[in-house]
Each structure stands twice: as structure tokens, then as C-alpha cells.
Amino acid sequence: MRKRNLVIWISLLVALVLQIVPLPTQVDVYRPDWVLVVLAYWSMALPHRVNVGVAFLTGVAMDVLVGTTLGIHSFGLSICVYILAANYQRLRNYSVWQQAIIIGLLSALYHLLTFWVQHLLTDIYFRVDYLWPVVTSMVLWPWVFWLLRRTRRQFSIS
Amino acid sequence: MDTIFTRGPSLNIRLTLALVLSVTLIFVDHKMDGFKSTRVYLNSLMSPLQYIANLPGLMLSESAQRLTSQEQLLAENQKLNNQLLLMSEKLQQFEVIAKENAQLRELLQAPVRLASKKMVAELMAVDKNPYSQQVVINKGAIDGVYLSQPVIDDNGVVGQVMEVGSTNSRVLLIADVTHAIPVRSLRNDIRFIATGSGALNELYLEHVPHSVDIQEGDTLISSGLGKVFPEGYPVATVKQVVRDESRPFARVIATPLANLDRLRHLLLLWGAEGEPELDTDEKASKPADNEEESSDA
């Protein structure tokens, strides 16, 4: 039980690290939403263990790491994970590619939500560049799905 | 085991709770600034992750250093030697001028500016948040870094410290939309306020009347009026002046002199007027001592 929870937390920590690894500015725009994708997998696979609470905590951690006002990312992640956890039975039956489209939509929602909240706080402007992660997250999803399913089966987490 | 008894509160209630909590957090953090002290602990708690994230880059640059050939090293050495010679020549002149300046200021009975403490910091991470321009440096409260401390690099002003952790701190760059710095033109001492544009290579000068004498290529230096940045550090050069009479003000775009997109080594400055209370107390006690001495005499 302990060990299984540990695997989930380690995967989230790795995602957080990947989210903040310094990259050259040209590539940086295309950085996928690692945290969202990993959270999405766990909330679809184990919706009773990983859901809104975990998303909220991860969001706060991300706010501290990224340096935004506390609560912005936890707001966005909570809503996205709620949608996944509420519809997990239907989403599990989709093929990986259909799931990727859902992930893309969620990623777009996540970015628009965080933009909107930050727009209320400071006057920032929207650029279409900010939506590149939607595409890269979609591309990333099948690989993360495969990798995390293997680890989940390896450690027989259920 | 997933029974109805082990589930806890329903998903809807969880979501409501999380959202209410998030909004409270946002409100308390942004509007009331209620996490100033907590943020230090949170940052310290999260700093291991930042160090881990920084590792690949560190290893790359280290291996690159090891693999540099002797030729390259020699060339670099030559270049640095030349630079040193030029710099020391300038320094010789500078010392004379500084002395002269101090004498002149004494004659004018203006306060003599003292050399301030400096510290080199290294860049740890650049922020992934596209809406704000911040970097993380590897010096924190342990090294005496304080809130809104000025940070420069070898070309000009970079920004100011916005959050202090115990071993690292976060620097808000001058190009951030929420940042503004008082500057003046080096050519004719006209004062401006340069606000960030959100893009790393642009600053806007606010509320510049059409009649103001400002040209492309003018150098802007910090004026020291905001009491955050010390006076006289180069900030930006004017890139473009658009005098469109249909607008109330001229549109002036400047380019920061510091290479904000390729920062590596930064310099933290002490001794600006916005220093923490501990040091100002010391400063305040000094003139008092002098007064006592003069009254004794």
C-alpha cells in the first residue's frame, strides 16, 4: 500500500521536475504539460485514489515552483482532474488516440483557465504561442500512457 | 478496496472544496500579500526539486568545460588578458575621476557615495510561466539577500528580488509587465519611467510627450529615484520613437542592455536606499555618532 502510493508521488515529482527543467527559449514554448498529463493518467486509472485532492496539492507545489500567485495552478488542475475523474468509465473505453484528443482539450482548458485567472490579477495579454503545449501534450499522451501503465502493472497498483 | 465507506466525500464536494481553497489562496496571496513569511518556507521546501531540475544543464555545461580544447582555452585566455588590460587602463582613469568626484561633491556638500557590497550569484532556473518574466538565483536569505534588492549583470540592470528563500531567491526581470524602473537619459538627463512589455527584449517608456527630446540610440540609466535601484547603472537603449500626433503620447520602445534571455552570472548589490532595517539602523547611528563627537569638540 505504502509502496504503491510512493510510486504515484514519485511520478508526480518527476513530472514537476520536467515541468521546470531549464530549456532554450526556442524549445521552451513547446514544453508539454507534464504535470497535467501524469495527473490525467492516474485519475483515469485510479480515480478513487488520485482525484481532486491530489490535483490541488500538486497545483500548489507547481505555483511555488513556477512563482505564480498561490492557487492559480491548483484551480486549473482541480477542474481538469474533476472532469477526468467524473467521466473515467467512459474515457477508459476510448482508444489512446481519442484519449489524446481529450487530453488536448483539457490542456487547452487548463491554459485558458490559468490565463483567465491571471488576467484578472494582472494585465497580461494572450498570445497564441501559449497554446503550443496543447499540441505537444497530445503527442506526449500515448507515450506517458504506455509508460505509466507498465509501471502500474509492474508494481500492481490498483 | 473500493467500498462506499472508504471513499470519503463525493467528487463534487471535493471539487467545491478545492476551488474555494484555491480562490482563497489567490485572494490572500495576491490582494493581501498574506504569504510573505510562509513563502520562504514553501520555497525552501521546493528548492530540492529546483536543484534536481537544474542538474542536466549543470552537467552539460560542466562536461562542455572539460571537453574544451587547449586551443580554445588559449584563445580565451588571450581574449581575457586583453580585456583585463583594457579594463585596468580604464580603472586607472576611473580612480582619479572617482577621487575628483568625491572632492567636488565635498565642495558642494553633497553626500559622498560609498562603495557598496556586491555578491555574484548564478542563475538556477528560468521561469516556465509565460505570463511573467522571472528567474531563480542560487543566493538566498542565508547570504543576506533581501526583498526588492537590485540585481545587475555585466551589461546593465536585470531586475529586483521579489521572493527570498533560504538558499535561493526569485528575481523579477525589468521586462516583466508588472515591473517599472525610473530612468533618465544619459544624453540630456530627462527622466522617464520604463515599464516591462512582457517580451524580454522590449521596454516601454510611459507618458512621453511628443515634444520631448529623445532619439533612437539614447542610453537610459537608472535614476535612483524609486529608491530601489542605485543611481547610474545602464538600463536600456532607445530602439524606436514613434511620434504619432493622433496619440496623446509618443510611443517609445527601448531594448534592455542586459541580455535577459541569456543570463548566467548575476551581481547582487547592497547599499541602495531600500535596504532592510538592520543596515539602515547602522547607517542612522553613524551620523548620530558624528554629531556627538562634534558636540564634544
# chains A, B, ... in the order shown; residues from 1 in each chain; ligands from 1
>>> closest_atom_pairs(of="chain B", to="chain A", cutoff="7 Å", atoms="only C-alpha atoms", output="Markdown table")
| residue | atom | partner | partner_atom | distance |
| --- | --- | --- | --- | --- |
| B:Arg7 | CA | A:His48 | CA | 6.9 |
| B:Arg14 | CA | A:Val52 | CA | 6.2 |
| B:Leu15 | CA | A:Val52 | CA | 6.0 |
| B:Ala18 | CA | A:Phe56 | CA | 6.2 |
| B:Leu19 | CA | A:Phe75 | CA | 5.8 |
| B:Ser22 | CA | A:Gly71 | CA | 4.4 |
| B:Val23 | CA | A:Gly71 | CA | 6.5 |
| B:Leu25 | CA | A:Gly71 | CA | 5.2 |
| B:Ile26 | CA | A:Gly71 | CA | 5.0 |
| B:Asp29 | CA | A:Leu70 | CA | 6.2 |
| B:His30 | CA | A:Thr69 | CA | 6.3 |
| B:Leu42 | CA | A:Val64 | CA | 6.8 |
| B:Asn43 | CA | A:Val64 | CA | 6.4 |
| B:Met46 | CA | A:Leu65 | CA | 6.7 |
| B:Leu49 | CA | A:Val17 | CA | 6.0 |
| B:Ala53 | CA | A:Val21 | CA | 4.6 |
| B:Asn54 | CA | A:Val21 | CA | 6.3 |
| B:Ala125 | CA | A:Pro22 | CA | 5.8 |
| B:Val126 | CA | A:Pro22 | CA | 6.2 |
| B:Asp127 | CA | A:Val66 | CA | 5.9 |
| B:Lys128 | CA | A:Val66 | CA | 6.2 |
| B:Asn129 | CA | A:Val66 | CA | 6.2 |
| B:Tyr131 | CA | A:Ile124 | CA | 6.5 |
>>> write_last_selection(atoms="C-alpha atoms", output="PDB file, in the first residue's frame")
ATOM      1  CA  ARG B   7     -14.474   6.795  -0.467  1.00  0.00           C
ATOM      2  CA  ARG B  14     -14.045  17.727  -3.248  1.00  0.00           C
ATOM      3  CA  LEU B  15     -14.085  19.971  -6.293  1.00  0.00           C
ATOM      4  CA  ALA B  18     -10.571  22.646  -3.841  1.00  0.00           C
ATOM      5  CA  LEU B  19     -11.946  25.599  -5.792  1.00  0.00           C
ATOM      6  CA  SER B  22      -7.774  27.931  -4.454  1.00  0.00           C
ATOM      7  CA  VAL B  23      -9.733  31.151  -4.685  1.00  0.00           C
ATOM      8  CA  LEU B  25      -5.309  31.232  -1.659  1.00  0.00           C
ATOM      9  CA  ILE B  26      -5.305  33.511  -4.691  1.00  0.00           C
ATOM     10  CA  ASP B  29      -1.723  35.815  -1.670  1.00  0.00           C
ATOM     11  CA  HIS B  30      -2.447  38.458  -4.255  1.00  0.00           C
ATOM     12  CA  LEU B  42       7.478  26.868   0.814  1.00  0.00           C
ATOM     13  CA  ASN B  43      10.318  27.949  -1.448  1.00  0.00           C
ATOM     14  CA  MET B  46      10.567  23.064  -3.011  1.00  0.00           C
ATOM     15  CA  LEU B  49      13.206  19.959  -6.924  1.00  0.00           C
ATOM     16  CA  ALA B  53      15.802  20.268 -12.430  1.00  0.00           C
ATOM     17  CA  ASN B  54      18.974  22.277 -12.748  1.00  0.00           C
ATOM     18  CA  ALA B 125      16.224  28.322 -13.329  1.00  0.00           C
ATOM     19  CA  VAL B 126      14.202  30.443 -15.661  1.00  0.00           C
ATOM     20  CA  ASP B 127      10.517  30.521 -15.019  1.00  0.00           C
ATOM     21  CA  LYS B 128       8.163  28.498 -17.083  1.00  0.00           C
ATOM     22  CA  ASN B 129       5.299  30.864 -16.609  1.00  0.00           C
ATOM     23  CA  TYR B 131       2.888  35.482 -18.263  1.00  0.00           C
TER      24      TYR B 131
END
>>> residues_around(residues="B:Thr38", least_positions_apart="2", cutoff="12 Å", atoms="only C-alpha atoms", output="VMD selection string")
(chain A and resid 64 70) or (chain B and resid 28 to 29 33 to 36 40 to 45 163 to 166)
>>> residues_around(residues="stretch 203-208 of chain B", least_positions_apart="3", cutoff="12 Å", atoms="only C-alpha atoms", output="MDAnalysis selection string")
chainID B and resid 173:185 190:200 211:214 220 235:244 247:258 260
>>> write_last_selection(atoms="N, CA and C atoms", output="compact mmCIF listing (two decimals), in the first residue's frame")
# COMPACT_ATOMS: atom_id res chain seq x y z
N LEU B 173 12.36 40.28 -13.52
CA LEU B 173 13.14 40.99 -14.53
C LEU B 173 12.48 42.33 -14.89
N ILE B 174 13.30 43.26 -15.38
CA ILE B 174 12.75 44.57 -15.72
C ILE B 174 11.78 44.47 -16.89
N ALA B 175 11.80 43.36 -17.64
CA ALA B 175 10.91 43.23 -18.79
C ALA B 175 9.53 42.69 -18.41
N ASP B 176 9.32 42.38 -17.14
CA ASP B 176 8.01 41.87 -16.73
C ASP B 176 6.96 42.97 -16.82
N VAL B 177 5.72 42.58 -17.13
CA VAL B 177 4.67 43.60 -17.29
C VAL B 177 4.37 44.33 -15.99
N THR B 178 4.64 43.70 -14.85
CA THR B 178 4.31 44.36 -13.59
C THR B 178 5.47 45.21 -13.07
N HIS B 179 6.58 45.27 -13.83
CA HIS B 179 7.76 45.97 -13.33
C HIS B 179 7.94 47.31 -14.02
N ALA B 180 8.36 48.30 -13.26
CA ALA B 180 8.71 49.59 -13.83
C ALA B 180 9.95 50.11 -13.13
N ILE B 181 10.80 50.80 -13.87
CA ILE B 181 12.04 51.32 -13.27
C ILE B 181 12.22 52.78 -13.68
N PRO B 182 12.50 53.67 -12.72
CA PRO B 182 12.75 55.06 -13.07
C PRO B 182 14.12 55.20 -13.73
N VAL B 183 14.16 55.86 -14.89
CA VAL B 183 15.42 56.00 -15.62
C VAL B 183 15.59 57.45 -16.04
N ARG B 184 16.81 57.78 -16.46
CA ARG B 184 16.98 59.06 -17.13
C ARG B 184 17.91 58.88 -18.32
N SER B 185 17.76 59.80 -19.25
CA SER B 185 18.56 59.72 -20.46
C SER B 185 19.97 60.20 -20.14
N ILE B 190 16.85 63.75 -19.07
CA ILE B 190 15.39 63.77 -18.96
C ILE B 190 14.93 62.49 -18.28
N ARG B 191 13.99 62.62 -17.36
CA ARG B 191 13.54 61.45 -16.60
C ARG B 191 12.40 60.73 -17.30
N PHE B 192 12.40 59.40 -17.21
CA PHE B 192 11.32 58.59 -17.76
C PHE B 192 11.02 57.46 -16.78
N ILE B 193 9.93 56.76 -17.07
CA ILE B 193 9.69 55.50 -16.36
C ILE B 193 9.60 54.42 -17.41
N ALA B 194 10.44 53.39 -17.25
CA ALA B 194 10.47 52.30 -18.22
C ALA B 194 9.72 51.11 -17.64
N THR B 195 8.62 50.74 -18.28
CA THR B 195 7.87 49.58 -17.81
C THR B 195 8.15 48.39 -18.73
N GLY B 196 8.02 47.20 -18.17
CA GLY B 196 8.26 46.00 -18.94
C GLY B 196 7.13 45.77 -19.92
N SER B 197 7.42 45.05 -21.00
CA SER B 197 6.40 44.79 -22.01
C SER B 197 5.91 43.35 -21.94
N GLY B 198 6.63 42.50 -21.19
CA GLY B 198 6.29 41.08 -21.19
C GLY B 198 7.18 40.31 -22.15
N ALA B 199 7.74 40.99 -23.15
CA ALA B 199 8.73 40.36 -24.03
C ALA B 199 10.11 40.75 -23.51
N LEU B 200 11.07 39.80 -23.59
CA LEU B 200 12.35 40.03 -22.95
C LEU B 200 13.16 41.15 -23.56
N SER B 211 6.91 66.42 -27.56
CA SER B 211 7.93 67.45 -27.70
C SER B 211 9.25 67.08 -27.02
N VAL B 212 9.27 65.95 -26.27
CA VAL B 212 10.47 65.62 -25.51
C VAL B 212 11.61 65.24 -26.44
N ASP B 213 12.79 65.69 -26.09
CA ASP B 213 13.97 65.42 -26.91
C ASP B 213 14.49 64.01 -26.59
N ILE B 214 14.02 63.07 -27.34
CA ILE B 214 14.53 61.70 -27.17
C ILE B 214 14.74 61.10 -28.55
N LEU B 220 19.68 54.87 -21.60
CA LEU B 220 18.91 55.19 -20.40
C LEU B 220 19.61 54.56 -19.20
N VAL B 235 20.47 50.85 -18.16
CA VAL B 235 19.27 50.03 -18.19
C VAL B 235 18.93 49.59 -19.61
N ALA B 236 18.85 50.56 -20.53
CA ALA B 236 18.37 50.23 -21.87
C ALA B 236 18.83 51.27 -22.87
N THR B 237 18.70 50.93 -24.16
CA THR B 237 18.89 51.94 -25.20
C THR B 237 17.57 52.10 -25.94
N VAL B 238 17.30 53.32 -26.39
CA VAL B 238 16.05 53.57 -27.10
C VAL B 238 16.12 52.95 -28.48
N LYS B 239 15.12 52.13 -28.81
CA LYS B 239 15.15 51.44 -30.08
C LYS B 239 14.30 52.16 -31.12
N GLN B 240 13.17 52.70 -30.67
CA GLN B 240 12.25 53.26 -31.64
C GLN B 240 11.42 54.36 -30.98
N VAL B 241 11.28 55.47 -31.70
CA VAL B 241 10.42 56.55 -31.21
C VAL B 241 9.37 56.82 -32.27
N VAL B 242 8.10 56.63 -31.94
CA VAL B 242 7.02 56.88 -32.88
C VAL B 242 6.24 58.10 -32.39
N ARG B 243 6.36 59.20 -33.16
CA ARG B 243 5.63 60.41 -32.77
C ARG B 243 4.37 60.52 -33.61
N ASP B 244 3.36 59.78 -33.22
CA ASP B 244 2.08 59.81 -33.92
C ASP B 244 1.21 60.86 -33.24
N ARG B 247 -2.02 60.30 -31.23
CA ARG B 247 -2.00 59.68 -29.90
C ARG B 247 -1.60 60.73 -28.87
N PRO B 248 -2.05 60.55 -27.62
CA PRO B 248 -1.71 61.55 -26.60
C PRO B 248 -0.22 61.60 -26.28
N PHE B 249 0.46 60.48 -26.37
CA PHE B 249 1.88 60.46 -26.04
C PHE B 249 2.68 59.79 -27.15
N ALA B 250 3.96 60.09 -27.17
CA ALA B 250 4.83 59.41 -28.12
C ALA B 250 5.03 57.97 -27.65
N ARG B 251 5.20 57.08 -28.62
CA ARG B 251 5.40 55.68 -28.27
C ARG B 251 6.90 55.41 -28.37
N VAL B 252 7.52 55.11 -27.24
CA VAL B 252 8.96 54.90 -27.22
C VAL B 252 9.26 53.48 -26.75
N ILE B 253 10.00 52.76 -27.58
CA ILE B 253 10.37 51.39 -27.26
C ILE B 253 11.87 51.34 -27.01
N ALA B 254 12.27 50.70 -25.92
CA ALA B 254 13.69 50.59 -25.60
C ALA B 254 14.08 49.12 -25.48
N THR B 255 15.35 48.84 -25.72
CA THR B 255 15.86 47.48 -25.58
C THR B 255 16.72 47.40 -24.32
N PRO B 256 16.44 46.45 -23.43
CA PRO B 256 17.29 46.33 -22.23
C PRO B 256 18.72 46.03 -22.61
N LEU B 257 19.67 46.61 -21.90
CA LEU B 257 21.08 46.37 -22.20
C LEU B 257 21.53 45.00 -21.69
N ALA B 258 20.98 44.58 -20.56
CA ALA B 258 21.32 43.26 -20.05
C ALA B 258 20.73 42.21 -20.98
N LEU B 260 18.77 39.62 -21.18
CA LEU B 260 17.84 38.96 -20.28
C LEU B 260 17.55 37.52 -20.68
>>> residues_around(residues="A:Tyr41", least_positions_apart="6", cutoff="8 Å", atoms="only C-alpha atoms", output="list in words")
Val144, Phe145 and Leu148 of chain A
>>> residues_around(residues="A:Leu140", least_positions_apart="2", cutoff="10 Å", atoms="only C-alpha atoms", output="PyMOL selection string")
chain A and resi 32-34+37+100+103+133-138+142-145
>>> write_last_selection(atoms="C-alpha atoms", output="mmCIF file, in the first residue's frame")
data_model
loop_
_atom_site.group_PDB
_atom_site.id
_atom_site.type_symbol
_atom_site.label_atom_id
_atom_site.label_comp_id
_atom_site.auth_asym_id
_atom_site.auth_seq_id
_atom_site.Cartn_x
_atom_site.Cartn_y
_atom_site.Cartn_z
ATOM 1 C CA PRO A 32 4.169 19.832 -22.805
ATOM 2 C CA ASP A 33 2.072 19.934 -19.632
ATOM 3 C CA TRP A 34 3.878 17.091 -17.917
ATOM 4 C CA VAL A 37 -0.670 14.517 -18.395
ATOM 5 C CA ALA A 100 -5.128 12.143 -26.691
ATOM 6 C CA ILE A 103 -6.129 15.485 -23.179
ATOM 7 C CA PRO A 133 1.613 22.856 -25.131
ATOM 8 C CA VAL A 134 -1.842 21.639 -26.190
ATOM 9 C CA VAL A 135 -0.343 20.035 -29.291
ATOM 10 C CA THR A 136 2.741 18.645 -27.554
ATOM 11 C CA SER A 137 0.670 17.253 -24.689
ATOM 12 C CA MET A 138 -1.482 15.408 -27.209
ATOM 13 C CA PRO A 142 0.296 7.848 -25.798
ATOM 14 C CA TRP A 143 3.883 7.531 -24.557
ATOM 15 C CA VAL A 144 3.088 8.565 -20.992
ATOM 16 C CA PHE A 145 0.059 6.296 -21.067
#
>>> residues_around(residues="stretch 7-11 of chain A", least_positions_apart="3", cutoff="10 Å", atoms="only C-alpha atoms", output="CSV table (one decimal) with N, CA and C atoms, in the first residue's frame")
chain,number,residue,atom,x,y,z
A,2,ARG,N,1.8,1.3,0.9
A,2,ARG,CA,2.7,2.5,1.0
A,2,ARG,C,3.5,2.6,-0.3
A,3,LYS,N,4.1,1.5,-0.7
A,3,LYS,CA,5.0,1.5,-1.8
A,3,LYS,C,4.2,2.0,-3.1
A,4,ARG,N,2.9,1.5,-3.1
A,4,ARG,CA,2.2,1.9,-4.3
A,4,ARG,C,1.9,3.4,-4.4
A,14,VAL,N,8.5,13.6,-10.5
A,14,VAL,CA,9.3,13.7,-11.8
A,14,VAL,C,8.6,14.6,-12.8
A,15,ALA,N,7.3,14.6,-12.8
A,15,ALA,CA,6.6,15.5,-13.7
A,15,ALA,C,6.8,16.9,-13.4
A,16,LEU,N,6.8,17.2,-12.1
A,16,LEU,CA,7.1,18.6,-11.6
A,16,LEU,C,8.5,19.1,-12.0
A,17,VAL,N,9.4,18.1,-11.9
A,17,VAL,CA,10.8,18.5,-12.3
A,17,VAL,C,10.9,18.8,-13.8
A,35,VAL,N,2.8,17.7,-15.9
A,35,VAL,CA,2.0,17.5,-14.6
A,35,VAL,C,0.6,17.1,-15.0
A,38,VAL,N,0.4,13.5,-16.5
A,38,VAL,CA,0.6,12.4,-15.5
A,38,VAL,C,-0.6,12.4,-14.5
A,39,LEU,N,-1.1,13.5,-14.1
A,39,LEU,CA,-2.3,13.5,-13.2
A,39,LEU,C,-3.4,12.9,-14.0
A,42,TRP,N,-3.3,9.1,-13.9
A,42,TRP,CA,-3.6,8.5,-12.6
A,42,TRP,C,-5.1,8.6,-12.3
A,49,ARG,N,-8.3,7.0,-6.0
A,49,ARG,CA,-7.1,7.3,-5.2
A,49,ARG,C,-6.5,8.7,-5.6
A,50,VAL,N,-6.5,8.9,-6.9
A,50,VAL,CA,-5.9,10.2,-7.3
A,50,VAL,C,-7.1,11.0,-7.9
A,54,VAL,N,-5.4,15.4,-4.7
A,54,VAL,CA,-4.0,15.3,-5.2
A,54,VAL,C,-3.7,16.4,-6.2
A,58,THR,N,-0.8,19.1,-5.9
A,58,THR,CA,0.2,19.3,-6.9
A,58,THR,C,0.2,20.7,-7.5
A,148,LEU,N,3.3,4.7,-18.0
A,148,LEU,CA,2.7,4.7,-16.7
A,148,LEU,C,1.9,3.4,-16.5
A,151,THR,N,4.4,0.8,-15.6
A,151,THR,CA,4.8,0.9,-14.2
A,151,THR,C,3.7,0.4,-13.2
A,152,ARG,N,2.5,0.8,-13.6
A,152,ARG,CA,1.4,0.5,-12.7
A,152,ARG,C,1.2,-1.0,-12.6
A,155,PHE,N,4.2,-2.6,-10.5
A,155,PHE,CA,4.0,-2.5,-9.1
A,155,PHE,C,2.7,-3.0,-8.6
A,157,ILE,N,-0.4,-1.7,-8.9
A,157,ILE,CA,-1.1,-0.7,-8.1
A,157,ILE,C,-2.6,-0.7,-8.6
>>> select_by_dssp(residues="stretch 59-131 of chain A", states="alpha helix (DSSP H)", output="JSON, numbers by chain")
{"A": [59, 60, 61, 62, 63, 64, 65, 66, 72, 73, 74, 75, 76, 77, 78, 79, 80, 81, 82, 83, 84, 85, 86, 88, 89, 90, 91, 92, 96, 97, 98, 99, 100, 101, 102, 103, 104, 105, 106, 107, 108, 109, 110, 111, 112, 113, 114, 115, 116, 117, 118, 119, 120, 121]}
